[in-house]
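Peer 1: So that you have it, the file is work.txt, and it contains compact mmCIF, C-alpha atoms:
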```txt
# COMPACT_ATOMS: atom_id res chain seq x y z
CA MET O 1 -56.29 -44.75 143.77
CA THR O 2 -58.11 -44.66 147.11
CA ARG O 3 -58.62 -47.57 149.46
CA ASN O 4 -62.23 -47.96 148.36
CA GLU O 5 -61.37 -47.87 144.68
CA PHE O 6 -58.74 -50.54 145.19
CA LEU O 7 -61.00 -52.84 147.21
CA GLU O 8 -63.97 -52.31 144.88
CA SER O 9 -61.84 -53.08 141.84
CA LEU O 10 -60.59 -56.25 143.49
CA ARG O 11 -64.13 -57.23 144.51
CA LYS O 12 -65.41 -56.67 140.99
CA GLU O 13 -62.60 -58.67 139.39
CA LEU O 14 -63.09 -61.53 141.82
CA SER O 15 -66.90 -61.69 141.72
CA SER O 16 -66.68 -65.18 140.15
CA LEU O 17 -65.09 -66.59 143.31
CA PRO O 18 -67.12 -68.17 146.15
CA PRO O 19 -68.27 -65.36 148.50
CA ASP O 20 -66.44 -66.67 151.58
CA GLU O 21 -63.20 -66.91 149.62
CA LEU O 22 -63.66 -63.38 148.29
CA GLU O 23 -64.29 -62.02 151.79
CA ASP O 24 -61.21 -63.82 153.05
CA ILE O 25 -59.08 -62.24 150.32
CA LEU O 26 -60.50 -58.77 150.94
CA TYR O 27 -59.87 -59.18 154.67
CA ASP O 28 -56.14 -59.39 153.98
CA PHE O 29 -56.16 -56.12 152.06
CA GLU O 30 -58.42 -54.32 154.56
CA GLU O 31 -55.99 -55.33 157.25
CA HIS O 32 -53.11 -54.11 155.10
CA PHE O 33 -54.79 -50.71 154.67
CA ASN O 34 -55.65 -50.43 158.36
CA ILE O 35 -52.10 -51.05 159.48
CA GLY O 36 -50.63 -48.88 156.72
CA LEU O 37 -52.85 -45.96 157.68
CA GLU O 38 -51.98 -46.43 161.37
CA LYS O 39 -48.34 -46.15 160.41
CA GLY O 40 -49.07 -42.82 158.80
CA GLN O 41 -49.10 -43.74 155.11
CA SER O 42 -51.72 -42.27 152.81
CA GLU O 43 -54.23 -44.43 150.94
CA GLU O 44 -52.60 -43.27 147.73
CA GLU O 45 -49.16 -44.48 148.83
CA ILE O 46 -50.48 -47.83 150.01
CA THR O 47 -52.40 -48.62 146.81
CA LYS O 48 -49.46 -47.57 144.68
CA LYS O 49 -47.15 -49.96 146.50
CA LEU O 50 -49.68 -52.81 146.41
CA GLY O 51 -49.78 -52.78 142.61
CA ASP O 52 -52.54 -53.19 140.05
CA PRO O 53 -55.65 -54.84 141.58
CA ALA O 54 -56.63 -56.37 138.22
CA ARG O 55 -53.31 -58.18 138.08
CA LEU O 56 -53.60 -59.39 141.65
CA ALA O 57 -57.10 -60.61 140.82
CA ARG O 58 -55.74 -62.68 137.94
CA SER O 59 -53.36 -64.46 140.30
CA TYR O 60 -56.19 -65.21 142.72
CA ARG O 61 -58.48 -66.47 139.96
CA ALA O 62 -55.83 -68.80 138.64
CA ILE O 63 -55.20 -70.23 142.10
CA SER O 64 -58.90 -70.75 142.71
CA VAL O 65 -59.73 -72.22 139.31
CA ILE O 66 -56.83 -74.65 139.29
CA GLU O 67 -57.72 -75.79 142.78
CA GLU O 68 -61.24 -76.45 141.49
CA VAL O 69 -59.87 -78.54 138.59
CA ASN O 70 -57.88 -80.69 140.97
CA LYS O 71 -60.91 -81.32 143.14
CA ASN O 72 -63.38 -81.71 140.35
CA PRO O 73 -61.91 -82.24 136.86
CA THR O 74 -64.88 -81.65 134.59
CA ALA O 75 -64.51 -80.42 131.01
CA SER O 76 -65.92 -76.97 131.79
CA ASN O 77 -63.59 -76.57 134.76
CA ILE O 78 -60.65 -77.52 132.59
CA PHE O 79 -61.57 -74.91 130.02
CA ARG O 80 -62.02 -72.26 132.69
CA ALA O 81 -58.61 -73.16 134.04
CA ILE O 82 -57.05 -72.97 130.59
CA PHE O 83 -58.39 -69.49 130.00
CA SER O 84 -57.53 -68.35 133.48
CA VAL O 85 -53.93 -69.47 133.11
CA LEU O 86 -53.89 -67.96 129.61
CA SER O 87 -54.88 -64.61 131.07
CA LEU O 88 -51.72 -64.74 133.14
CA GLY O 89 -49.78 -64.59 129.90
CA PHE O 90 -48.23 -68.00 129.70
CA PHE O 91 -47.01 -68.23 126.18
CA ASN O 92 -46.47 -71.96 126.25
CA LEU O 93 -50.25 -72.29 126.63
CA VAL O 94 -50.86 -70.01 123.66
CA PHE O 95 -48.55 -72.12 121.56
CA MET O 96 -50.14 -75.30 122.84
CA LEU O 97 -53.70 -74.18 122.20
CA GLY O 98 -53.63 -74.77 118.41
CA PRO O 99 -52.25 -78.33 118.55
CA TYR O 100 -54.51 -79.02 121.54
CA LEU O 101 -57.63 -78.04 119.62
CA GLY O 102 -56.33 -80.19 116.76
CA ILE O 103 -56.09 -83.20 119.08
CA LEU O 104 -59.63 -82.54 120.32
CA GLY O 105 -60.74 -82.44 116.67
CA VAL O 106 -59.16 -85.83 116.01
CA LEU O 107 -60.87 -87.21 119.10
CA LEU O 108 -64.22 -85.90 117.88
CA ALA O 109 -63.62 -87.47 114.44
CA LEU O 110 -62.81 -90.82 116.11
CA PHE O 111 -66.06 -90.71 118.05
CA VAL O 112 -68.07 -89.79 114.97
CA SER O 113 -66.54 -92.63 112.95
CA ALA O 114 -67.23 -95.12 115.76
CA ILE O 115 -70.86 -94.05 115.85
CA VAL O 116 -71.16 -94.23 112.06
CA ILE O 117 -69.66 -97.74 112.01
CA ILE O 118 -72.05 -98.89 114.75
CA ALA O 119 -74.97 -97.40 112.82
CA ALA O 120 -73.85 -99.04 109.57
CA GLY O 121 -73.73 -102.43 111.35
CA ILE O 122 -77.19 -101.97 112.78
CA PHE O 123 -78.47 -100.98 109.37
CA THR O 124 -76.94 -104.12 107.86
CA VAL O 125 -78.66 -106.29 110.47
CA PHE O 126 -82.01 -104.82 109.50
CA ALA O 127 -81.28 -104.75 105.78
CA PRO O 128 -83.11 -108.06 105.06
CA PHE O 129 -86.29 -106.74 106.67
CA LEU O 130 -85.95 -103.31 105.13
CA SER O 131 -85.51 -104.81 101.68
CA THR O 132 -88.90 -106.49 101.98
CA ILE O 133 -90.48 -103.14 102.90
CA PHE O 134 -88.56 -100.99 100.36
CA PRO O 135 -87.56 -103.47 97.65
CA ASP O 136 -86.66 -100.65 95.22
CA ILE O 137 -84.34 -98.81 97.58
CA ILE O 138 -82.71 -101.56 99.65
CA ILE O 139 -81.34 -104.24 97.39
CA THR O 140 -79.68 -107.17 99.14
CA GLY O 141 -79.17 -109.23 95.97
CA ASN O 142 -78.21 -112.83 96.48
CA ILE O 143 -76.72 -112.33 99.94
CA SER O 144 -78.61 -114.40 102.47
CA ALA O 145 -80.37 -112.71 105.40
CA VAL O 146 -78.32 -114.71 107.90
CA ALA O 147 -75.05 -113.52 106.34
CA LEU O 148 -76.23 -109.91 106.44
CA ILE O 149 -77.36 -110.13 110.06
CA LEU O 150 -74.11 -111.78 111.18
CA SER O 151 -71.88 -109.36 109.29
CA GLY O 152 -73.98 -106.48 110.63
CA ILE O 153 -73.42 -107.67 114.17
CA GLY O 154 -69.71 -108.01 113.38
CA VAL O 155 -69.44 -104.47 112.03
CA SER O 156 -71.37 -103.02 114.97
CA SER O 157 -69.10 -104.86 117.40
CA LEU O 158 -66.07 -103.35 115.69
CA GLY O 159 -67.70 -99.94 116.00
CA ILE O 160 -68.33 -100.53 119.71
CA LEU O 161 -64.68 -101.56 120.17
CA LEU O 162 -63.57 -98.38 118.44
CA PHE O 163 -65.93 -96.41 120.68
CA ILE O 164 -64.41 -97.97 123.81
CA PHE O 165 -60.96 -97.20 122.44
CA ASP O 166 -62.06 -93.58 121.86
CA ILE O 167 -63.22 -93.29 125.47
CA PHE O 168 -59.84 -94.59 126.59
CA ILE O 169 -58.03 -92.03 124.41
CA GLY O 170 -60.38 -89.30 125.63
CA LYS O 171 -59.58 -90.11 129.26
CA LYS O 172 -55.85 -89.98 128.50
CA ILE O 173 -56.21 -86.55 126.90
CA PHE O 174 -58.30 -85.42 129.85
CA SER O 175 -55.81 -86.47 132.52
CA GLY O 176 -52.96 -85.15 130.39
CA THR O 177 -54.67 -81.77 130.31
CA VAL O 178 -55.04 -81.70 134.09
CA ARG O 179 -51.38 -82.60 134.50
CA TYR O 180 -50.36 -79.96 131.99
CA LEU O 181 -52.35 -77.30 133.86
CA ASN O 182 -50.73 -78.34 137.12
CA TRP O 183 -47.38 -78.00 135.49
CA ASN O 184 -48.37 -74.46 134.57
CA LEU O 185 -49.37 -73.87 138.16
CA ASP O 186 -45.84 -74.86 139.15
CA ILE O 187 -44.56 -72.14 136.85
CA LEU O 188 -47.09 -69.85 138.46
CA LYS O 189 -45.59 -70.69 141.85
CA ASN O 190 -42.32 -69.26 140.70
CA GLY O 191 -43.89 -66.29 139.07
CA MET O 192 -47.00 -64.66 140.38
CA LYS O 193 -47.71 -62.43 137.43
CA ASN O 194 -47.13 -58.86 138.38
CA SER O 195 -44.87 -56.02 137.46
CA MET Q 196 -33.49 -59.52 130.48
CA MET Q 197 -36.16 -57.61 132.33
CA ILE Q 198 -38.60 -60.48 132.16
CA ILE Q 199 -35.99 -62.88 133.50
CA ASN Q 200 -35.37 -60.45 136.31
CA ILE Q 201 -39.03 -60.28 137.26
CA GLN Q 202 -39.53 -64.04 137.14
CA PHE Q 203 -36.38 -64.48 139.12
CA LYS Q 204 -37.51 -62.21 141.92
CA LYS Q 205 -40.85 -63.92 142.19
CA GLY Q 206 -39.36 -67.36 142.42
CA VAL Q 207 -37.29 -66.23 145.33
CA LEU Q 208 -40.28 -64.63 147.03
CA GLU Q 209 -41.70 -67.98 148.12
CA LEU Q 210 -38.39 -68.85 149.72
CA CYS Q 211 -38.25 -65.48 151.52
CA VAL Q 212 -41.79 -65.85 152.88
CA LEU Q 213 -41.16 -69.36 154.20
CA VAL Q 214 -37.88 -68.33 155.84
CA ILE Q 215 -39.37 -65.24 157.52
CA VAL Q 216 -42.45 -67.07 158.79
CA SER Q 217 -40.32 -69.94 160.10
CA ILE Q 218 -38.47 -67.50 162.37
CA LYS Q 219 -41.66 -66.09 163.86
CA ASP Q 220 -45.40 -66.08 163.08
CA CYS Q 221 -46.22 -62.99 161.03
CA TYR Q 222 -49.23 -61.06 159.80
CA GLY Q 223 -49.39 -60.01 156.14
CA TYR Q 224 -48.29 -56.42 156.55
CA GLU Q 225 -45.34 -57.45 158.66
CA LEU Q 226 -44.19 -59.89 155.96
CA VAL Q 227 -44.58 -57.29 153.24
CA GLU Q 228 -42.50 -54.82 155.27
CA LYS Q 229 -39.76 -57.33 155.98
CA ILE Q 230 -39.46 -58.37 152.36
CA SER Q 231 -39.81 -54.99 150.66
CA ARG Q 232 -37.11 -53.62 152.94
CA HIS Q 233 -34.68 -55.82 151.00
CA ILE Q 234 -36.31 -56.56 147.65
CA ASP Q 235 -38.23 -54.25 145.36
CA ILE Q 236 -41.65 -55.88 144.72
CA ALA Q 237 -45.27 -54.97 144.10
CA GLU Q 238 -46.36 -55.44 147.70
CA GLY Q 239 -49.76 -56.90 146.83
CA THR Q 240 -48.05 -59.94 145.31
CA ILE Q 241 -47.36 -61.32 148.77
CA TYR Q 242 -51.06 -61.91 149.48
CA PRO Q 243 -51.90 -64.30 146.61
CA LEU Q 244 -48.64 -66.05 147.41
CA LEU Q 245 -49.67 -66.47 151.06
CA ARG Q 246 -53.01 -67.84 149.96
CA ARG Q 247 -51.40 -70.38 147.66
CA LEU Q 248 -48.88 -71.48 150.30
CA LYS Q 249 -51.79 -71.93 152.67
CA LYS Q 250 -53.74 -74.02 150.16
CA GLU Q 251 -50.69 -76.16 149.57
CA GLY Q 252 -50.44 -76.80 153.30
CA TYR Q 253 -47.10 -75.02 153.81
CA LEU Q 254 -48.65 -72.30 155.98
CA GLU Q 255 -51.57 -72.04 158.39
CA SER Q 256 -53.37 -68.89 159.46
CA TYR Q 257 -55.09 -67.88 162.66
CA LEU Q 258 -56.65 -64.69 163.98
CA LYS Q 259 -55.09 -62.93 166.95
CA GLU Q 260 -56.40 -59.89 168.80
CA SER Q 261 -54.39 -56.69 168.41
CA LYS Q 262 -54.27 -53.65 170.64
CA GLU Q 263 -55.37 -51.46 167.78
CA GLY Q 264 -58.46 -52.34 165.77
CA PRO Q 265 -59.73 -55.71 164.51
CA PRO Q 266 -57.87 -59.03 164.98
CA ARG Q 267 -54.97 -59.70 162.66
CA LYS Q 268 -54.45 -62.74 160.49
CA TYR Q 269 -51.21 -64.43 161.46
CA TYR Q 270 -49.41 -67.05 159.41
CA ARG Q 271 -47.45 -69.93 160.87
CA ILE Q 272 -45.30 -72.50 159.05
CA THR Q 273 -46.29 -76.20 159.04
CA ALA Q 274 -44.08 -79.29 159.01
CA PRO Q 275 -44.42 -79.71 155.20
CA GLY Q 276 -43.66 -75.97 154.95
CA ILE Q 277 -40.39 -76.43 156.81
CA LYS Q 278 -39.47 -79.28 154.47
CA GLU Q 279 -40.28 -77.14 151.44
CA LYS Q 280 -38.24 -74.29 152.89
CA GLU Q 281 -35.20 -76.54 153.32
CA ALA Q 282 -35.59 -77.85 149.76
CA LEU Q 283 -35.83 -74.32 148.35
CA ILE Q 284 -32.82 -73.15 150.35
CA SER Q 285 -30.59 -75.95 149.06
CA GLU Q 286 -31.85 -75.34 145.51
CA TRP Q 287 -31.05 -71.66 145.90
CA GLN Q 288 -27.61 -72.31 147.35
CA ALA Q 289 -26.70 -74.75 144.59
CA PHE Q 290 -27.82 -72.18 142.03
CA THR Q 291 -26.03 -69.15 143.51
CA GLY Q 292 -22.96 -71.32 144.19
CA GLY Q 293 -22.85 -72.22 140.50
CA VAL Q 294 -23.28 -68.61 139.38
CA ASN Q 295 -20.55 -67.44 141.78
CA ALA Q 296 -18.16 -70.10 140.50
CA ILE Q 297 -18.71 -68.83 136.95
CA ILE Q 298 -18.19 -65.21 137.99
CA GLU Q 299 -14.99 -66.12 139.83
CA LYS Q 300 -13.66 -67.92 136.78
CA GLY Q 301 -14.44 -64.88 134.65
CA ARG Q 302 -12.55 -62.65 137.09
CA ALA Q 303 -9.52 -64.95 137.15
CA ASN Q 304 -9.49 -64.87 133.36
CA ASP Q 305 -9.63 -61.05 133.31
CA ASP Q 306 -6.71 -60.86 135.73
CA GLN Q 307 -4.54 -62.98 133.49
CA GLU Q 308 -4.99 -60.73 130.49
```
Hey, can you dump this file as structure tokens for me?
Peer 2:
Amino acid sequence: MTRNEFLESLRKELSSLPPDELEDILYDFEEHFNIGLEKGQSEEEITKKLGDPARLARSYRAISVIEEVNKNPTASNIFRAIFSVLSLGFFNLVFMLGPYLGILGVLLALFVSAIVIIAAGIFTVFAPFLSTIFPDIIITGNISAVALILSGIGVSSLGILLFIFDIFIGKKIFSGTVRYLNWNLDILKNGMKNS
Amino acid sequence: MMIINIQFKKGVLELCVLVIVSIKDCYGYELVEKISRHIDIAEGTIYPLLRRLKKEGYLESYLKESKEGPPRKYYRITAPGIKEKEALISEWQAFTGGVNAIIEKGRANDDQE
């Protein structure tokens, strides 16, 4: 591989990084080539000793993405970080991914049930009025309108409580994920993936 | 075994970089040369490591003119970097001390037989 092939490959692999960061990274390697050539090595020798640019790029992407998560922990950043760390071949993440998606599924189900309970409460509140409009469909029987409205408000409140609880759980999962990724970064510290 | 070997080497790399830079400010190529003289590594690995150490505040970089060509990027160790270096050294010494003790015991056992 020539100097240009190496640098171009690195540039291509790192095109998702901010431009100034990319230039800073490439500067290091340009400098490395310049000094190596001065010392009489060939481009071929230098690139061979540097190693696979795609692998180096993976290390850089993981560093950059995890830094971004720490600064700005949004859901999309977390997912980018997960996949970036995955690409480094951390098996514990692969094993964790299934259960993790399961937990997210449970969280989604909790949110859906909270919303459904809130909706059911609201419906109950309006049931007395609806039954006057659609007497054949909405049948309130002997239950008084006041009882329906009060129980509706009660059910909705329960739903809102559940919703607040879900948000709490969601936040826990979120911060747990960030901590878990940082833990992986610590592993990364001790093992920049390369041959 | 091979995987353990690779991981092992990389873990030590951070320690090596911090020790070398703490002796004297270095540019990347210099560091690579000093390390690969003793340990067999993919030389490119040093650069992402330098970047991470810099982001973690263990190293700082600055540009310095050179006689030949464009200015070079030098790395210098920071106060937190020195602390980290000391922590890694004692971790390393405790570890190698333990391994040596086990090896010695094994040898003593062999001699008896």
Peer 1: Near Ile122 of chain O, within 10 Å and counting only C-alpha atoms, which residues show up once chain neighbours fewer than 3 positions away are dropped, as a list of chain:residue names?
Peer 2: O:Val116, O:Ile117, O:Ile118, O:Ala119, O:Val125, O:Phe126, O:Ala127, O:Ile149, O:Ser151, O:Gly152, O:Ile153, O:Gly154, O:Val155, O:Ser156, O:Ser157
Peer 1: Which protein, DNA or RNA residues have an atom at most 10 Å from (-53.6, -77.9, 135.6), counting all atoms listed in the file? List them as a tab-separated table (two decimals) with C-alpha atoms, in the frame of the given file.
Peer 2:
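The resulting file, part_39.tsv, is reproduced below:
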```tsv
chain	number	residue	atom	x	y	z
O	62	ALA	CA	-55.83	-68.80	138.64
O	65	VAL	CA	-59.73	-72.22	139.31
O	66	ILE	CA	-56.83	-74.65	139.29
O	67	GLU	CA	-57.72	-75.79	142.78
O	68	GLU	CA	-61.24	-76.45	141.49
O	69	VAL	CA	-59.87	-78.54	138.59
O	70	ASN	CA	-57.88	-80.69	140.97
O	73	PRO	CA	-61.91	-82.24	136.86
O	78	ILE	CA	-60.65	-77.52	132.59
O	81	ALA	CA	-58.61	-73.16	134.04
O	82	ILE	CA	-57.05	-72.97	130.59
O	85	VAL	CA	-53.93	-69.47	133.11
O	175	SER	CA	-55.81	-86.47	132.52
O	176	GLY	CA	-52.96	-85.15	130.39
O	177	THR	CA	-54.67	-81.77	130.31
O	178	VAL	CA	-55.04	-81.70	134.09
O	179	ARG	CA	-51.38	-82.60	134.50
O	180	TYR	CA	-50.36	-79.96	131.99
O	181	LEU	CA	-52.35	-77.30	133.86
O	182	ASN	CA	-50.73	-78.34	137.12
O	183	TRP	CA	-47.38	-78.00	135.49
O	184	ASN	CA	-48.37	-74.46	134.57
O	185	LEU	CA	-49.37	-73.87	138.16
O	186	ASP	CA	-45.84	-74.86	139.15
```
Peer 1: Show me, as a CSV table (one decimal) with C-alpha atoms, in the frame of the given file, every residue of chain Q with an atom at most 12 Å from chain O, counting all atoms listed in the file.
Peer 2:
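Result written to out_19.csv:
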```
chain,number,residue,atom,x,y,z
Q,197,MET,CA,-36.2,-57.6,132.3
Q,198,ILE,CA,-38.6,-60.5,132.2
Q,199,ILE,CA,-36.0,-62.9,133.5
Q,200,ASN,CA,-35.4,-60.4,136.3
Q,201,ILE,CA,-39.0,-60.3,137.3
Q,202,GLN,CA,-39.5,-64.0,137.1
Q,203,PHE,CA,-36.4,-64.5,139.1
Q,204,LYS,CA,-37.5,-62.2,141.9
Q,205,LYS,CA,-40.8,-63.9,142.2
Q,206,GLY,CA,-39.4,-67.4,142.4
Q,207,VAL,CA,-37.3,-66.2,145.3
Q,208,LEU,CA,-40.3,-64.6,147.0
Q,209,GLU,CA,-41.7,-68.0,148.1
Q,210,LEU,CA,-38.4,-68.8,149.7
Q,222,TYR,CA,-49.2,-61.1,159.8
Q,223,GLY,CA,-49.4,-60.0,156.1
Q,224,TYR,CA,-48.3,-56.4,156.6
Q,225,GLU,CA,-45.3,-57.4,158.7
Q,226,LEU,CA,-44.2,-59.9,156.0
Q,227,VAL,CA,-44.6,-57.3,153.2
Q,228,GLU,CA,-42.5,-54.8,155.3
Q,231,SER,CA,-39.8,-55.0,150.7
Q,235,ASP,CA,-38.2,-54.2,145.4
Q,236,ILE,CA,-41.6,-55.9,144.7
Q,237,ALA,CA,-45.3,-55.0,144.1
Q,238,GLU,CA,-46.4,-55.4,147.7
Q,239,GLY,CA,-49.8,-56.9,146.8
Q,240,THR,CA,-48.0,-59.9,145.3
Q,241,ILE,CA,-47.4,-61.3,148.8
Q,242,TYR,CA,-51.1,-61.9,149.5
Q,243,PRO,CA,-51.9,-64.3,146.6
Q,244,LEU,CA,-48.6,-66.0,147.4
Q,245,LEU,CA,-49.7,-66.5,151.1
Q,246,ARG,CA,-53.0,-67.8,150.0
Q,247,ARG,CA,-51.4,-70.4,147.7
Q,248,LEU,CA,-48.9,-71.5,150.3
Q,249,LYS,CA,-51.8,-71.9,152.7
Q,250,LYS,CA,-53.7,-74.0,150.2
Q,251,GLU,CA,-50.7,-76.2,149.6
Q,256,SER,CA,-53.4,-68.9,159.5
Q,258,LEU,CA,-56.6,-64.7,164.0
Q,261,SER,CA,-54.4,-56.7,168.4
Q,262,LYS,CA,-54.3,-53.6,170.6
Q,263,GLU,CA,-55.4,-51.5,167.8
Q,264,GLY,CA,-58.5,-52.3,165.8
Q,265,PRO,CA,-59.7,-55.7,164.5
Q,266,PRO,CA,-57.9,-59.0,165.0
Q,267,ARG,CA,-55.0,-59.7,162.7
Q,268,LYS,CA,-54.4,-62.7,160.5
Q,269,TYR,CA,-51.2,-64.4,161.5
Q,270,TYR,CA,-49.4,-67.0,159.4
Q,283,LEU,CA,-35.8,-74.3,148.4
```
Peer 1: For the atom pair atom CA of Glu279 of chain Q and atom CA of Lys229 of chain Q, what is the interatomic distance in Å to one decimal place?
Peer 2: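 These atoms are spaced 20.3 Å apart.
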